[in-house]
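One file, query-v9.txt, carrying compact mmCIF, C-alpha atoms:
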```
# COMPACT_ATOMS: atom_id res chain seq x y z
CA MET A 1 0.00 0.00 0.00
CA GLU A 2 1.25 3.44 -0.90
CA LYS A 3 2.21 6.20 1.50
CA GLU A 4 0.36 9.50 1.41
CA CYS A 5 2.06 12.63 0.11
CA ASP A 6 2.72 15.35 2.72
CA LEU A 7 1.37 18.16 0.55
CA CYS A 8 -1.74 16.54 -0.82
CA THR A 9 -4.15 14.03 0.75
CA SER A 10 -5.69 11.22 -1.27
CA GLU A 11 -9.11 12.84 -0.70
CA ASP A 12 -7.75 16.00 -2.38
CA ILE A 13 -6.76 13.84 -5.34
CA SER A 14 -10.18 12.22 -5.40
CA ARG A 15 -11.84 15.65 -5.46
CA PHE A 16 -9.35 16.92 -8.03
CA ILE A 17 -10.18 14.24 -10.61
CA ASP A 18 -13.90 14.92 -10.11
CA GLY A 19 -13.39 18.65 -10.69
CA GLU A 20 -14.66 19.45 -7.20
CA LEU A 21 -11.83 21.81 -6.19
CA SER A 22 -11.76 25.58 -6.63
CA SER A 23 -9.81 26.84 -9.65
CA GLU A 24 -7.14 28.24 -7.33
CA GLN A 25 -6.70 24.91 -5.55
CA CYS A 26 -6.66 23.15 -8.90
CA ARG A 27 -3.83 25.32 -10.23
CA SER A 28 -1.68 24.80 -7.16
CA PHE A 29 -2.26 21.01 -7.17
CA GLU A 30 -1.59 20.72 -10.89
CA HIS A 31 1.84 22.22 -10.31
CA HIS A 32 2.49 19.79 -7.46
CA PHE A 33 1.28 16.76 -9.44
CA SER A 34 3.71 17.51 -12.25
CA LEU A 35 6.55 17.15 -9.74
CA CYS A 36 5.23 14.35 -7.48
CA PRO A 37 5.33 10.81 -8.96
CA ASP A 38 3.32 9.32 -6.02
CA CYS A 39 0.41 11.70 -6.51
CA SER A 40 0.61 11.34 -10.26
CA HIS A 41 0.44 7.54 -9.87
CA ARG A 42 -2.53 7.83 -7.52
CA ILE A 43 -4.40 10.03 -10.01
CA ASP A 44 -3.86 7.43 -12.76
CA ARG A 45 -5.06 4.60 -10.53
CA TYR A 46 -8.16 6.43 -9.31
CA ILE A 47 -9.18 7.35 -12.85
CA SER A 48 -8.55 3.82 -14.14
CA LEU A 49 -10.69 2.31 -11.33
CA SER A 50 -13.77 4.27 -12.39
CA PHE A 51 -13.03 3.64 -16.05
CA ALA A 52 -12.58 -0.13 -15.60
CA PHE A 53 -15.77 -0.43 -13.57
CA SER A 54 -17.76 1.63 -16.06
CA CYS A 55 -16.40 -0.53 -18.94
CA HIS A 56 -17.36 -3.67 -17.06
CA ALA A 57 -20.90 -2.36 -16.52
CA ASP A 58 -21.06 -1.29 -20.20
CA GLN A 59 -20.59 -4.91 -21.25
CA LYS A 60 -23.62 -5.87 -19.19
CA THR A 61 -26.23 -4.51 -21.53
CA MET A 62 -29.69 -5.96 -21.73
CA GLU A 63 -29.91 -8.43 -24.64
CA ASN A 64 -32.71 -8.09 -27.20
CA HIS A 65 -34.44 -11.27 -26.04
CA GLU A 66 -34.21 -10.11 -22.41
CA ALA A 67 -35.75 -6.77 -23.37
CA ALA A 68 -38.52 -8.61 -25.24
CA VAL A 69 -39.24 -10.87 -22.25
CA MET A 70 -39.28 -7.85 -19.97
CA GLY A 71 -41.65 -6.02 -22.33
CA HIS A 72 -44.02 -8.99 -22.23
CA LYS A 73 -43.85 -9.24 -18.43
CA LEU A 74 -44.51 -5.52 -18.11
CA GLU A 75 -47.54 -5.79 -20.36
CA GLN A 76 -48.90 -8.60 -18.16
CA ALA A 77 -48.17 -6.63 -15.01
CA VAL A 78 -49.97 -3.58 -16.40
CA LEU A 79 -52.97 -5.72 -17.36
CA ASN A 80 -53.06 -7.33 -13.91
CA SER A 81 -52.81 -3.93 -12.30
CA GLU A 82 -55.77 -2.70 -14.37
CA LYS A 83 -57.78 -5.81 -13.47
CA LYS A 84 -57.05 -5.23 -9.79
CA SER A 85 -58.22 -1.64 -10.04
CA ALA A 86 -61.36 -2.91 -11.80
CA GLY A 87 -61.99 -5.10 -8.75
CA THR A 88 -62.20 -2.08 -6.48
CA ILE A 89 -65.49 -0.26 -5.83
CA SER A 90 -64.51 2.59 -8.15
CA GLY A 91 -63.60 0.19 -10.94
CA LEU A 92 -66.43 -2.24 -10.32
CA PHE A 93 -68.50 -1.11 -13.28
CA GLY A 94 -65.54 -0.02 -15.39
CA LYS A 95 -64.84 -3.09 -17.49
CA ASN A 96 -67.25 -5.88 -18.55
CA ILE A 97 -70.15 -3.68 -17.49
CA TYR A 98 -72.49 -5.32 -20.05
CA LEU A 99 -71.64 -8.81 -18.81
CA LYS A 100 -72.29 -7.77 -15.23
CA LEU A 101 -75.60 -6.11 -16.06
CA ALA A 102 -76.64 -9.13 -18.17
CA SER A 103 -75.87 -11.44 -15.22
CA ILE A 104 -78.04 -9.42 -12.87
CA LEU A 105 -80.83 -9.23 -15.44
CA ALA A 106 -80.70 -12.99 -16.07
CA VAL A 107 -80.97 -13.79 -12.37
CA LEU A 108 -83.95 -11.49 -12.09
CA MET A 109 -85.61 -13.03 -15.17
CA ILE A 110 -85.19 -16.57 -13.90
CA GLY A 111 -86.63 -15.47 -10.60
CA LEU A 112 -89.63 -13.62 -12.02
CA PHE A 113 -90.48 -15.63 -15.16
CA PRO A 114 -90.13 -19.40 -14.81
CA PHE A 115 -89.21 -21.42 -17.93
CA ASP A 116 -91.84 -24.10 -17.51
CA GLU A 117 -95.57 -23.77 -16.82
CA ASP A 118 -95.35 -26.56 -14.23
CA LEU A 119 -93.02 -24.47 -12.25
CA LEU A 120 -95.77 -21.91 -11.75
CA GLN A 121 -97.15 -24.24 -9.09
CA GLY A 122 -94.38 -23.52 -6.65
CA PRO A 123 -91.65 -21.12 -5.84
CA SER A 124 -89.23 -21.02 -8.72
CA GLY A 125 -86.62 -18.30 -7.95
CA PRO A 126 -82.96 -19.26 -7.69
CA SER A 127 -82.10 -20.28 -4.18
CA ALA A 128 -78.33 -20.14 -4.62
CA ILE A 129 -75.56 -19.33 -7.07
CA VAL A 130 -73.58 -22.58 -7.14
CA ASN A 131 -70.63 -21.22 -9.06
CA SER A 132 -69.67 -18.32 -11.28
CA LEU A 133 -66.73 -17.46 -13.42
CA ASP A 134 -66.01 -14.10 -15.01
CA THR A 135 -63.35 -13.80 -17.68
CA GLU A 136 -62.53 -11.08 -20.15
CA TYR A 137 -64.60 -12.58 -22.97
CA ALA A 138 -67.19 -14.76 -21.27
CA SER A 139 -69.05 -15.28 -18.02
CA VAL A 140 -70.48 -18.53 -16.70
CA MET A 141 -72.93 -18.80 -13.85
CA ILE A 142 -74.53 -21.94 -12.39
CA ILE A 143 -77.74 -21.19 -10.52
CA GLU A 144 -79.60 -23.68 -8.38
CA THR A 145 -83.36 -23.50 -8.05
CA GLN A 146 -85.45 -25.81 -5.85
CA ILE A 147 -85.96 -28.17 -8.77
CA GLU A 148 -82.88 -28.06 -10.96
CA LYS A 149 -79.64 -26.29 -11.82
CA HIS A 150 -79.22 -23.76 -14.64
CA THR A 151 -75.97 -22.98 -16.37
CA ILE A 152 -75.85 -19.59 -18.05
CA ILE A 153 -73.06 -18.56 -20.37
CA TRP A 154 -72.54 -15.07 -21.83
CA PHE A 155 -70.04 -14.27 -24.51
CA LEU A 156 -68.69 -10.83 -25.20
CA GLU A 157 -68.70 -10.27 -28.95
CA GLU A 158 -65.77 -8.37 -30.42
CA THR A 159 -66.85 -5.03 -31.82
CA MET B 1 -24.61 27.96 -26.33
CA ILE B 2 -28.00 29.15 -27.59
CA VAL B 3 -28.41 25.92 -29.55
CA THR B 4 -27.63 23.84 -26.46
CA ARG B 5 -30.17 25.82 -24.43
CA LEU B 6 -32.81 25.35 -27.10
CA GLU B 7 -32.10 21.63 -27.24
CA THR B 8 -32.38 21.41 -23.45
CA ASN B 9 -35.72 23.21 -23.58
CA ALA B 10 -36.90 20.88 -26.31
CA ASP B 11 -35.93 17.88 -24.17
CA THR B 12 -37.81 19.34 -21.20
CA ILE B 13 -40.91 19.88 -23.29
CA LYS B 14 -40.66 16.34 -24.61
CA GLU B 15 -40.26 15.05 -21.08
CA GLN B 16 -43.23 17.05 -19.82
CA ASP B 17 -45.28 15.77 -22.72
CA LEU B 18 -44.21 12.18 -22.00
CA VAL B 19 -45.13 12.53 -18.32
CA GLN B 20 -48.55 13.96 -19.19
CA ARG B 21 -49.19 11.07 -21.57
CA LEU B 22 -48.02 8.58 -18.95
CA LYS B 23 -50.46 10.13 -16.50
CA LYS B 24 -53.21 9.62 -19.06
CA ARG B 25 -52.18 5.93 -19.18
CA GLN B 26 -51.28 6.03 -22.88
CA LYS B 27 -49.75 2.70 -23.77
CA TRP B 28 -47.27 3.95 -26.37
CA ALA B 29 -45.94 6.50 -23.86
CA PHE B 30 -45.18 3.69 -21.44
CA ASN B 31 -43.50 1.66 -24.21
CA HIS B 32 -41.46 4.73 -25.15
CA LEU B 33 -40.39 5.21 -21.55
CA VAL B 34 -39.29 1.57 -21.31
CA SER B 35 -37.28 1.61 -24.55
CA LYS B 36 -35.68 4.96 -23.69
CA TYR B 37 -34.54 4.13 -20.18
CA GLN B 38 -34.23 0.35 -19.88
CA GLN B 39 -30.52 0.06 -20.81
CA ARG B 40 -29.47 2.98 -18.63
CA LEU B 41 -31.40 1.78 -15.61
CA PHE B 42 -30.14 -1.76 -16.18
CA LYS B 43 -26.55 -0.53 -16.09
CA LEU B 44 -27.18 1.43 -12.90
CA ALA B 45 -28.97 -1.53 -11.30
CA TYR B 46 -26.11 -3.82 -12.30
CA GLY B 47 -23.62 -1.42 -10.69
CA ILE B 48 -25.48 -1.70 -7.41
CA THR B 49 -26.61 -5.33 -7.37
CA LEU B 50 -23.63 -6.72 -9.36
CA ASP B 51 -25.96 -9.45 -10.58
CA ARG B 52 -27.44 -9.64 -14.07
CA GLU B 53 -30.63 -11.52 -13.20
CA ASP B 54 -31.34 -9.33 -10.19
CA SER B 55 -30.83 -6.23 -12.31
CA LEU B 56 -33.39 -7.42 -14.87
CA GLU B 57 -35.94 -7.98 -12.11
CA VAL B 58 -35.15 -4.62 -10.53
CA VAL B 59 -35.59 -2.70 -13.80
CA GLN B 60 -38.89 -4.47 -14.40
CA ASP B 61 -40.06 -3.51 -10.90
CA VAL B 62 -38.95 0.08 -11.51
CA PHE B 63 -41.18 0.39 -14.58
CA ILE B 64 -44.13 -1.22 -12.80
CA SER B 65 -43.62 1.20 -9.93
CA VAL B 66 -43.51 4.12 -12.38
CA TYR B 67 -46.74 2.94 -14.02
CA LYS B 68 -48.48 2.70 -10.65
CA ASN B 69 -47.11 5.92 -9.15
CA ILE B 70 -46.84 8.30 -12.09
CA GLN B 71 -49.80 10.31 -10.75
CA THR B 72 -47.73 11.18 -7.67
CA PHE B 73 -44.81 12.50 -9.75
CA ARG B 74 -45.07 16.30 -9.38
CA GLN B 75 -42.12 17.08 -11.68
CA ASP B 76 -40.19 18.95 -8.96
CA SER B 77 -37.17 17.06 -10.29
CA SER B 78 -36.52 15.70 -13.78
CA LEU B 79 -37.86 12.34 -14.89
CA ASP B 80 -34.23 11.12 -15.02
CA THR B 81 -33.69 11.93 -11.35
CA TRP B 82 -36.99 10.38 -10.33
CA LEU B 83 -36.25 7.15 -12.22
CA ARG B 84 -32.74 7.03 -10.77
CA LYS B 85 -34.12 7.41 -7.24
CA ILE B 86 -36.66 4.64 -7.77
CA THR B 87 -33.96 2.36 -9.21
CA ILE B 88 -31.63 2.94 -6.27
CA HIS B 89 -34.48 2.38 -3.83
CA GLN B 90 -35.53 -0.85 -5.58
CA CYS B 91 -31.93 -2.11 -5.72
CA LEU B 92 -31.33 -1.53 -2.04
CA ASN B 93 -34.64 -3.14 -1.10
CA TRP B 94 -33.88 -6.03 -3.41
CA LYS B 95 -30.47 -6.53 -1.87
CA ARG B 96 -31.86 -6.36 1.66
CA LYS B 97 -34.44 -8.96 0.71
CA TRP B 98 -31.89 -11.33 -0.79
CA LYS B 99 -29.33 -10.72 1.92
CA ARG B 100 -31.73 -12.38 4.33
CA ARG B 101 -31.61 -15.42 2.07
CA PHE B 102 -27.82 -15.36 1.81
CA LYS B 103 -28.07 -14.73 -1.92
CA TRP B 104 -25.49 -11.96 -1.81
CA ASN B 105 -22.81 -14.41 -0.74
CA HIS B 106 -23.60 -16.73 -3.59
CA LYS B 107 -21.00 -16.66 -6.34
CA SER B 108 -22.58 -17.12 -9.74
CA LEU B 109 -20.77 -18.75 -12.65
CA GLU B 110 -21.28 -15.58 -14.65
CA GLN B 111 -19.11 -13.57 -12.30
CA GLU B 112 -16.22 -15.93 -12.76
CA TYR B 113 -16.27 -16.70 -16.44
CA ASP B 114 -18.46 -14.22 -18.27
CA PHE B 115 -16.03 -11.36 -18.78
CA GLN B 116 -16.02 -10.03 -22.34
CA LEU B 117 -12.66 -8.65 -23.26
CA PRO B 118 -12.54 -5.38 -25.17
CA GLU B 119 -11.84 -5.85 -28.87
CA GLU B 120 -8.83 -3.54 -28.96
CA ASN B 121 -6.96 -5.79 -26.52
CA THR B 122 -3.82 -7.54 -27.52
CA ASN B 123 -3.94 -11.23 -28.44
CA ASP B 124 -1.09 -12.08 -26.11
CA PRO B 125 -2.67 -14.77 -23.89
CA GLU B 126 -0.59 -13.79 -20.88
CA ILE B 127 -1.68 -10.14 -21.03
CA LEU B 128 -5.27 -11.23 -21.62
CA PHE B 129 -5.07 -13.49 -18.61
CA TRP B 130 -3.75 -10.74 -16.33
CA GLU B 131 -6.27 -8.22 -17.61
CA LYS B 132 -8.99 -10.72 -16.81
CA GLN B 133 -7.49 -11.28 -13.39
CA LEU B 134 -7.38 -7.53 -12.79
CA GLU B 135 -11.03 -7.15 -13.72
CA ASN B 136 -11.92 -10.12 -11.49
CA ASN B 137 -10.01 -8.60 -8.60
CA LEU B 138 -11.64 -5.22 -9.11
CA MET B 139 -15.11 -6.74 -9.07
CA LYS B 140 -14.26 -8.78 -5.98
CA ALA B 141 -12.99 -5.65 -4.26
CA ILE B 142 -16.11 -3.70 -5.24
CA ARG B 143 -18.27 -6.42 -3.67
CA THR B 144 -16.53 -5.96 -0.35
CA LEU B 145 -17.24 -2.22 -0.18
CA PRO B 146 -19.96 -1.20 2.29
CA ASP B 147 -23.31 -0.48 0.56
CA LYS B 148 -23.25 3.27 1.19
CA THR B 149 -19.71 3.63 -0.07
CA ARG B 150 -20.27 1.54 -3.18
CA LEU B 151 -23.46 3.40 -4.04
CA VAL B 152 -21.60 6.72 -4.19
CA PHE B 153 -18.85 5.14 -6.31
CA VAL B 154 -21.40 3.64 -8.72
CA LEU B 155 -23.27 6.93 -9.17
CA ASN B 156 -19.99 8.69 -9.89
CA ALA B 157 -18.41 6.05 -12.15
CA ILE B 158 -21.48 4.84 -14.05
CA GLU B 159 -23.87 7.78 -14.03
CA GLY B 160 -21.11 10.42 -14.02
CA LEU B 161 -22.93 12.49 -11.39
CA SER B 162 -21.33 15.45 -9.62
CA TYR B 163 -21.01 15.52 -5.83
CA GLU B 164 -23.98 17.86 -5.64
CA GLU B 165 -26.18 15.57 -7.75
CA ILE B 166 -25.17 12.49 -5.73
CA ALA B 167 -25.89 14.39 -2.51
CA GLU B 168 -29.34 15.29 -3.81
CA VAL B 169 -30.19 11.76 -4.98
CA LEU B 170 -29.07 10.12 -1.73
CA SER B 171 -30.17 12.98 0.55
CA ILE B 172 -26.74 13.31 2.14
CA LYS B 173 -24.24 16.18 2.49
CA LYS B 174 -21.75 17.03 -0.24
CA GLY B 175 -18.88 16.49 2.23
CA THR B 176 -20.18 12.97 2.93
CA VAL B 177 -20.17 12.24 -0.81
CA SER B 178 -16.55 13.38 -1.01
CA SER B 179 -15.40 11.25 1.92
CA ARG B 180 -17.32 8.13 0.80
CA LEU B 181 -16.03 8.40 -2.74
CA HIS B 182 -12.50 8.82 -1.50
CA LEU B 183 -12.91 5.86 0.86
CA ALA B 184 -14.19 3.70 -2.03
CA ARG B 185 -11.26 4.61 -4.29
CA LYS B 186 -8.69 4.14 -1.56
CA SER B 187 -10.09 0.75 -0.51
CA LEU B 188 -10.24 -0.46 -4.11
CA MET B 189 -6.74 0.71 -4.89
CA ASP B 190 -5.31 -0.83 -1.70
CA SER B 191 -7.08 -4.09 -2.40
CA LEU B 192 -5.83 -4.25 -6.01
CA GLU B 193 -2.29 -3.39 -5.02
CA LEU B 194 -2.34 -6.09 -2.37
CA ASN B 195 -3.38 -8.58 -5.05
CA GLU B 196 -0.64 -7.26 -7.34
CA GLU B 197 1.95 -7.76 -4.61
CA LYS B 198 0.71 -11.33 -4.07
CA ARG B 199 0.97 -11.98 -7.81
CA ILE B 200 4.54 -10.67 -7.96
CA SER B 201 5.67 -12.70 -4.96
CA TYR B 202 3.95 -15.79 -6.44
CA GLY B 203 5.77 -15.16 -9.76
CA LYS B 204 9.12 -14.94 -7.97
CA ARG B 205 8.57 -18.31 -6.28
CA MET B 206 7.84 -20.01 -9.64
```
The structure in this file should be written as structure tokens.
Amino acid sequence: MEKECDLCTSEDISRFIDGELSSEQCRSFEHHFSLCPDCSHRIDRYISLSFAFSCHADQKTMENHEAAVMGHKLEQAVLNSEKKSAGTISGLFGKNIYLKLASILAVLMIGLFPFDEDLLQGPSGPSAIVNSLDTEYASVMIIETQIEKHTIIWFLEET
Amino acid sequence: MIVTRLETNADTIKEQDLVQRLKKRQKWAFNHLVSKYQQRLFKLAYGITLDREDSLEVVQDVFISVYKNIQTFRQDSSLDTWLRKITIHQCLNWKRKWKRRFKWNHKSLEQEYDFQLPEENTNDPEILFWEKQLENNLMKAIRTLPDKTRLVFVLNAIEGLSYEEIAEVLSIKKGTVSSRLHLARKSLMDSLELNEEKRISYGKRM
């Protein structure tokens, strides 16, 4: 390990190469550096450290396929984020609003207007929603009445 | 001088426009942001994490964070500075997370064998070998620097930031930047020279 110069600390050298000294200090150090081999050597080493590290990092660029994969992941993340916001109260009726309204309407229709005349004899409204699935393009709902189960499927047509 | 000022203004207007479009959730604006900044942020993330895979994940998280939080960006600072701050924050969080799992101490194959030598290098195998060794030693030494010290060194060496800019990004004093940067350089130089001395004494024994 090298000894420090009496006239100039290694922190002064560090600040000198970063241009963080006053112009007066700079001038006086420049004169000293031209005469002091230790300081001159330290300047070279400090500069080469930053340069070597920057070169090493330069080689680590993102490859095209990595950028493509990242682009795809970001797209998915953005979509998921939008879906999540749609799940909140404010976004509840944002997307798939027609599917949601159609689901509510269908449940009401089954409840109010039975499919079969025989069913008029007794209560016919749905007693429970067995299962439901809501995707971007279709919704499926299985409704259980006292007599049988109904499966309702809605498709969202591309416009 | 006037031309430079005009160009700077044009860049600012473009940046303001981009931010406004990002706030309106325009998809192409987001794609433009990604393609414009991904390499730069990757390089910065690599400087901090020193791991390629981690850096990819960090950059991805940075863009997701920007997408989610763009409404909170008040443009007090430039988009560059904001992105840099998010990247540093993500990197440090990422490292903290992995440190708990001892990932940081794991030595990947890439670190040992993936060095690309610059094209202008000589073909002399001995010189190539020692250059490779030097780069290996430098990277090993950088890994041993304390987080805070390395971060200042990375921002100076990779991003080329002034002391004032580093102080602003890290919310520390300019004097602290100076002392940390000096400490980083001194530690790295001492470590490399120690390795050099070992190499010379090993060569003498052969």
(message) For a quick check of understanding, using all atoms listed in the file, which of A:Thr145, A:Thr61, A:Ser50, A:Ser81 has the smallest distance to Gly160 of chain B?
(response)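 For Gly160 of chain B, the nearest of the given residues is A:Ser50.
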(request) Give me, as a ChimeraX atom specification, the contact residues of chain B against chain A at a cut-off of 6 Å, counting only C-alpha atoms. (result) /B:43,157-158,182,190
(request) For each of B:Leu188, B:Leu50, B:Leu181, B:Ala45, take the minimum atom-to-atom distance to Gln90 of chain B, counting all atoms listed in the file, then give the residue where this is smallest. (result)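 Once distances to Gln90 of chain B are computed over all atoms listed in the file, the minimum belongs to B:Ala45.
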(request) Can you work out the spacing between atom CA of Glu131 of chain B and atom CA of Lys148 of chain B in Å, to one decimal? (result)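 These two atoms are separated by 27.8 Å.
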(message) I'd like the interatomic distance between atom CA of Pro37 of chain A and atom CA of Cys5 of chain A, to a tenth of an Å.
(response)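 These atoms are spaced 9.8 Å apart.
Pairwise distance (atom CA of Leu134 of chain B, atom CA of Glu193 of chain B) equals 10.2 Å.
Taking all atoms listed in the file, the non-local environment of Asn131 of chain A within 12 Å (same-chain residues fewer than 2 positions away omitted) comprises Ala128, Ile129, Leu133, Asp134, Ser139, Val140, Met141, Ile142, Ile143, Glu144, Lys149, His150, Thr151, Ile152 and Ile153 of chain A.
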Take the residues from that selection and write them out as a compact mmCIF listing (two decimals), keeping the file's coordinate frame, keeping C-alpha atoms.
```
# COMPACT_ATOMS: atom_id res chain seq x y z
CA ALA A 128 -78.33 -20.14 -4.62
CA ILE A 129 -75.56 -19.33 -7.07
CA LEU A 133 -66.73 -17.46 -13.42
CA ASP A 134 -66.01 -14.10 -15.01
CA SER A 139 -69.05 -15.28 -18.02
CA VAL A 140 -70.48 -18.53 -16.70
CA MET A 141 -72.93 -18.80 -13.85
CA ILE A 142 -74.53 -21.94 -12.39
CA ILE A 143 -77.74 -21.19 -10.52
CA GLU A 144 -79.60 -23.68 -8.38
CA LYS A 149 -79.64 -26.29 -11.82
CA HIS A 150 -79.22 -23.76 -14.64
CA THR A 151 -75.97 -22.98 -16.37
CA ILE A 152 -75.85 -19.59 -18.05
CA ILE A 153 -73.06 -18.56 -20.37
```
(message) Nearest residue to Ser28 of chain A out of A:Leu7, A:Ser40, A:Ala102, A:Leu79, using all atoms listed in the file?
(response) A:Leu7
(message) Restricting the calculation to all atoms listed in the file: of B:Asn156, B:Leu79, B:Gln71, B:Arg21, which residue gets closest to Lys36 of chain B?
(response) B:Leu79
